[in-house]
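Participant: One structure, pasted below without further comment.
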Amino acid sequence: LLRGCLCCAALAATGCVATEPTSNLAPGYRPDSATLEGGLWRAMQREEARIADSPNRIRDPAVTGHVEEVVRRLAGEHAADIRVYVVRAPGFNASMAPNGMMQVWSGLLLRTQTESQLATVLGHEVAHYTRRHTLARFQQARGAADVAALLGLGGVAGLVVGVAAMAGVASFSREQEAEADALGLAMLNTAGYVADDAPGLWENLLAEARLRPEGNRLPLFATHPASDQRAAALREAAATLPAASRGTPRPLRTSLRGIRQMLFADELRLGQYAASVELFRQAEAAGNADGPLYTAWGEALRLRNEAGDADLALATFRRATTEADAPPEAWRGLGLVLRRQGDRSGAQAAFRTYLARAPRATDAALIQSYLDEAGA
Ligand SMILES: [Zn+2]
């Protein structure tokens, strides 16, 4: 359902067919059902119905409300035509279907350190919509093989099942991506966000991507070797825009409070701890450190368990326990590292605190058995 959304993945292969000029959508526009565009919309409406009912959809109102608010501000008169679905997936991605369905991955929310960085990506997506980029790509296609190639499918056979699912996530041309970056940045500025934040996002992603194993990258990085070029282009463009003024931005971290631990757990499940540690370092540098962050960071170190990691994990878990919003798992991690180091009484104290704070934890019996073995 959620795979293959590589919209933002592409500063696509060079040598693309030049993009035909496509007009801006008028607000409230609906295509004639007999046209190619009408067909694309129908296919995407069916896909949208599935996503709306998906168990992977995140419905936390603080999260969806904040993302929708950013889209509303960016999209202006088009806002009423765009529906936003936040979905639980650890990659960095968002996609925009031609009928106004926007998908935002939870892994993206973990990596946009400011509201402005989130707005950078979402503005880019809104631009794909208002410039009808998907339609333009389909209009350029010459026959089924071209369409299949456009959709990133292996061959014509894949088309039979693929069109409906993939029409909203077709890869865009290099020119379309550049146009979406430029237009998105203009929207960002008009909406009063700080364009200066945009290049930092791509620099962060690049630093993280370098630590992901080759061939096992998150969706953005699979086909996107050019984040450094993109960061440079955005930096150049941002410098030409007048300074934005918007007052105090709403911190994303606050809106994510209800799902942050879930997002960290999803990240750790990838088992790519060096990249996770880099991601957590970026969050701390951006001022987004809190109890859940330090706890996840400690877990990444504990699970990686390379030379020196145990001591770093201890320090990081201890840091987590000093935060007002420290989750019980901070003491669990602390206890596990101390136990491995042979600090029996230290481990006992940490485990007791864990069980007192999370008596119904799924691993409560296991942790209790560690207390019992220690003769507590
Ligand atoms: Zn894009």
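By convention here, the chains of the structure tokens are called A, B, ... in the order presented, each chain's residues are numbered starting at 1, and ligands are numbered starting at 1 in the order presented.
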Skipping near chain neighbours, those fewer than 5 positions away, what residues fall within 8 Å of Trp297 (chain A) using only C-alpha atoms, listed as a list in words?
Facilitator: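 Near neighbours after the sequence-gap exclusion: Ser276, Val277, Phe280, Ala313 and Thr316 of chain A.
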Participant: Output all heavy atoms for every residue in that selection, as an mmCIF file, in the first residue's frame.
Facilitator:
```cif
data_model
loop_
_atom_site.group_PDB
_atom_site.id
_atom_site.type_symbol
_atom_site.label_atom_id
_atom_site.label_comp_id
_atom_site.auth_asym_id
_atom_site.auth_seq_id
_atom_site.Cartn_x
_atom_site.Cartn_y
_atom_site.Cartn_z
ATOM 1 N N SER A 276 20.454 5.879 13.034
ATOM 2 C CA SER A 276 19.514 6.341 14.063
ATOM 3 C C SER A 276 20.212 7.295 15.031
ATOM 4 O O SER A 276 19.651 8.325 15.413
ATOM 5 C CB SER A 276 18.939 5.150 14.842
ATOM 6 O OG SER A 276 18.175 4.325 13.991
ATOM 7 N N VAL A 277 21.448 6.941 15.429
ATOM 8 C CA VAL A 277 22.205 7.802 16.344
ATOM 9 C C VAL A 277 22.423 9.186 15.705
ATOM 10 O O VAL A 277 22.290 10.217 16.360
ATOM 11 C CB VAL A 277 23.543 7.137 16.736
ATOM 12 C CG1 VAL A 277 24.492 8.141 17.366
ATOM 13 C CG2 VAL A 277 23.291 5.973 17.695
ATOM 14 N N PHE A 280 19.197 11.105 15.898
ATOM 15 C CA PHE A 280 18.926 11.605 17.246
ATOM 16 C C PHE A 280 19.844 12.790 17.574
ATOM 17 O O PHE A 280 19.430 13.754 18.229
ATOM 18 C CB PHE A 280 19.101 10.482 18.274
ATOM 19 C CG PHE A 280 18.192 9.299 18.033
ATOM 20 C CD1 PHE A 280 18.574 8.015 18.391
ATOM 21 C CD2 PHE A 280 16.942 9.470 17.427
ATOM 22 C CE1 PHE A 280 17.734 6.926 18.167
ATOM 23 C CE2 PHE A 280 16.099 8.389 17.192
ATOM 24 C CZ PHE A 280 16.502 7.113 17.562
ATOM 25 N N ALA A 313 25.614 4.535 26.306
ATOM 26 C CA ALA A 313 24.204 4.215 26.544
ATOM 27 C C ALA A 313 23.824 4.564 27.982
ATOM 28 O O ALA A 313 22.774 5.164 28.233
ATOM 29 C CB ALA A 313 23.936 2.738 26.263
ATOM 30 N N THR A 316 23.453 8.217 28.351
ATOM 31 C CA THR A 316 22.282 8.719 27.636
ATOM 32 C C THR A 316 20.991 8.354 28.367
ATOM 33 O O THR A 316 20.076 9.182 28.490
ATOM 34 C CB THR A 316 22.273 8.156 26.196
ATOM 35 O OG1 THR A 316 23.554 8.393 25.605
ATOM 36 C CG2 THR A 316 21.208 8.828 25.352
#
```
Participant: Neighbours of region 321-326 of chain A within 7 Å (only C-alpha atoms; same-chain residues fewer than 3 positions away dropped), as a list of chain:residue names?
Facilitator: A:Asp290, A:Gly291, A:Pro292, A:Phe317, A:Arg318, A:Ala330
Participant: With N, CA, C and O atoms kept, could you save the residues just selected as a PDB file, in the first residue's frame?
Facilitator:
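Produced file part08.pdb, reproduced below:
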```pdb
ATOM      1  N   ASP A 290      14.357  15.451  24.366  1.00  0.00           N
ATOM      2  CA  ASP A 290      13.457  15.261  25.509  1.00  0.00           C
ATOM      3  C   ASP A 290      13.632  13.828  26.022  1.00  0.00           C
ATOM      4  O   ASP A 290      14.503  13.093  25.522  1.00  0.00           O
ATOM      5  N   GLY A 291      12.847  13.448  27.003  1.00  0.00           N
ATOM      6  CA  GLY A 291      12.985  12.117  27.587  1.00  0.00           C
ATOM      7  C   GLY A 291      12.858  10.993  26.561  1.00  0.00           C
ATOM      8  O   GLY A 291      13.714  10.096  26.505  1.00  0.00           O
ATOM      9  N   PRO A 292      11.802  11.008  25.737  1.00  0.00           N
ATOM     10  CA  PRO A 292      11.689   9.936  24.729  1.00  0.00           C
ATOM     11  C   PRO A 292      12.879   9.892  23.764  1.00  0.00           C
ATOM     12  O   PRO A 292      13.336   8.812  23.387  1.00  0.00           O
ATOM     13  N   PHE A 317      20.922   7.107  28.888  1.00  0.00           N
ATOM     14  CA  PHE A 317      19.745   6.737  29.686  1.00  0.00           C
ATOM     15  C   PHE A 317      19.648   7.595  30.948  1.00  0.00           C
ATOM     16  O   PHE A 317      18.562   8.006  31.348  1.00  0.00           O
ATOM     17  N   ARG A 318      20.816   7.849  31.584  1.00  0.00           N
ATOM     18  CA  ARG A 318      20.786   8.679  32.806  1.00  0.00           C
ATOM     19  C   ARG A 318      20.278  10.074  32.475  1.00  0.00           C
ATOM     20  O   ARG A 318      19.506  10.673  33.215  1.00  0.00           O
ATOM     21  N   ALA A 330      13.380   4.285  29.979  1.00  0.00           N
ATOM     22  CA  ALA A 330      14.707   4.819  30.284  1.00  0.00           C
ATOM     23  C   ALA A 330      15.344   4.012  31.413  1.00  0.00           C
ATOM     24  O   ALA A 330      16.537   3.681  31.378  1.00  0.00           O
TER      25      ALA A 330
END
```
Participant: Excluding region 22-38 of chain A and its own-chain neighbours fewer than 5 positions away, which residues fall within 6 Å of it when counting only C-alpha atoms? Please give them as an mmCIF file with C-alpha atoms, in the first residue's frame.
Facilitator:
```
data_model
loop_
_atom_site.group_PDB
_atom_site.id
_atom_site.type_symbol
_atom_site.label_atom_id
_atom_site.label_comp_id
_atom_site.auth_asym_id
_atom_site.auth_seq_id
_atom_site.Cartn_x
_atom_site.Cartn_y
_atom_site.Cartn_z
ATOM 1 C CA HIS A 78 -6.342 25.201 -2.931
ATOM 2 C CA THR A 130 -1.294 22.742 -8.443
ATOM 3 C CA ARG A 131 1.002 22.323 -11.477
#
```
Participant: Can you work out which one of A:Met96, A:Ala49, A:Leu336, A:Val63 has the shortest atom-to-atom distance to Ser255 (chain A), counting only C-alpha atoms?
Facilitator: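 Going through A:Met96, A:Ala49, A:Leu336, A:Val63 one by one, the smallest distance to Ser255 (chain A) is for A:Val63.
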Participant: A:Leu211, A:Met187, A:Ala232, A:Leu371: which is nearest Gly346 (chain A), counting only C-alpha atoms?
Facilitator: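 Counting only C-alpha atoms, the residue closest to Gly346 (chain A) is A:Leu371.
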Participant: Can you tell me, as a list of chain:residue names, what residues are no more than 9 Å from Ala62 (chain A) when counting only C-alpha atoms, ignoring any on the same chain fewer than 6 positions away?
Facilitator: A:Thr254, A:Ser255, A:Leu256, A:Arg257, A:Gly258
Participant: How would you write, as number ranges by chain, the set of residues in region 266-369 of chain A that DSSP gives as helix (DSSP H, G or I)?
Facilitator: A: 266-269, 273-285, 291-304, 309-321, 329-340, 344-357, 364-369
Participant: Which residue is closest to Asp53 (chain A)? Choose from A:Gly342, A:Tyr294, A:Tyr85, A:Trp105 and count only C-alpha atoms.
Facilitator: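 Among the listed residues, A:Tyr85 lies closest to Asp53 (chain A).
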Participant: So that I can see what lies close to region 176-182 of chain A, please list as a ChimeraX atom specification the residues with an atom at most 6 Å from it, counting only C-alpha atoms and leaving out residues fewer than 5 positions away in the same chain.
Facilitator: /A:124,127-128
Participant: Write a file of the selected residues as an mmCIF file, in the first residue's frame, keeping N, CA and C atoms.
Facilitator:
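Contents of the output file again13.cif:
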```cif
data_model
loop_
_atom_site.group_PDB
_atom_site.id
_atom_site.type_symbol
_atom_site.label_atom_id
_atom_site.label_comp_id
_atom_site.auth_asym_id
_atom_site.auth_seq_id
_atom_site.Cartn_x
_atom_site.Cartn_y
_atom_site.Cartn_z
ATOM 1 N N HIS A 124 6.451 21.696 -1.496
ATOM 2 C CA HIS A 124 6.913 20.995 -2.696
ATOM 3 C C HIS A 124 5.809 20.065 -3.215
ATOM 4 N N ALA A 127 2.898 21.931 -4.721
ATOM 5 C CA ALA A 127 3.261 22.441 -6.053
ATOM 6 C C ALA A 127 3.078 21.362 -7.121
ATOM 7 N N HIS A 128 3.430 20.121 -6.823
ATOM 8 C CA HIS A 128 3.171 19.028 -7.778
ATOM 9 C C HIS A 128 1.680 18.982 -8.123
#
```
Participant: Of the residues A:Phe172, A:Tyr129, A:Phe92, A:Trp331, which is the one nearest to ligand 1, using only C-alpha atoms and all ligand atoms?
Facilitator: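 Once distances to ligand 1 are computed over only C-alpha atoms and all ligand atoms, the minimum belongs to A:Phe172.
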Participant: Go through A:Glu299, A:Asp311, A:Glu77, A:Glu329 and flag the residue nearest Thr362 (chain A), using only C-alpha atoms for the distances.
Facilitator: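 Of the candidates, the smallest distance to Thr362 (chain A) is held by A:Glu329.
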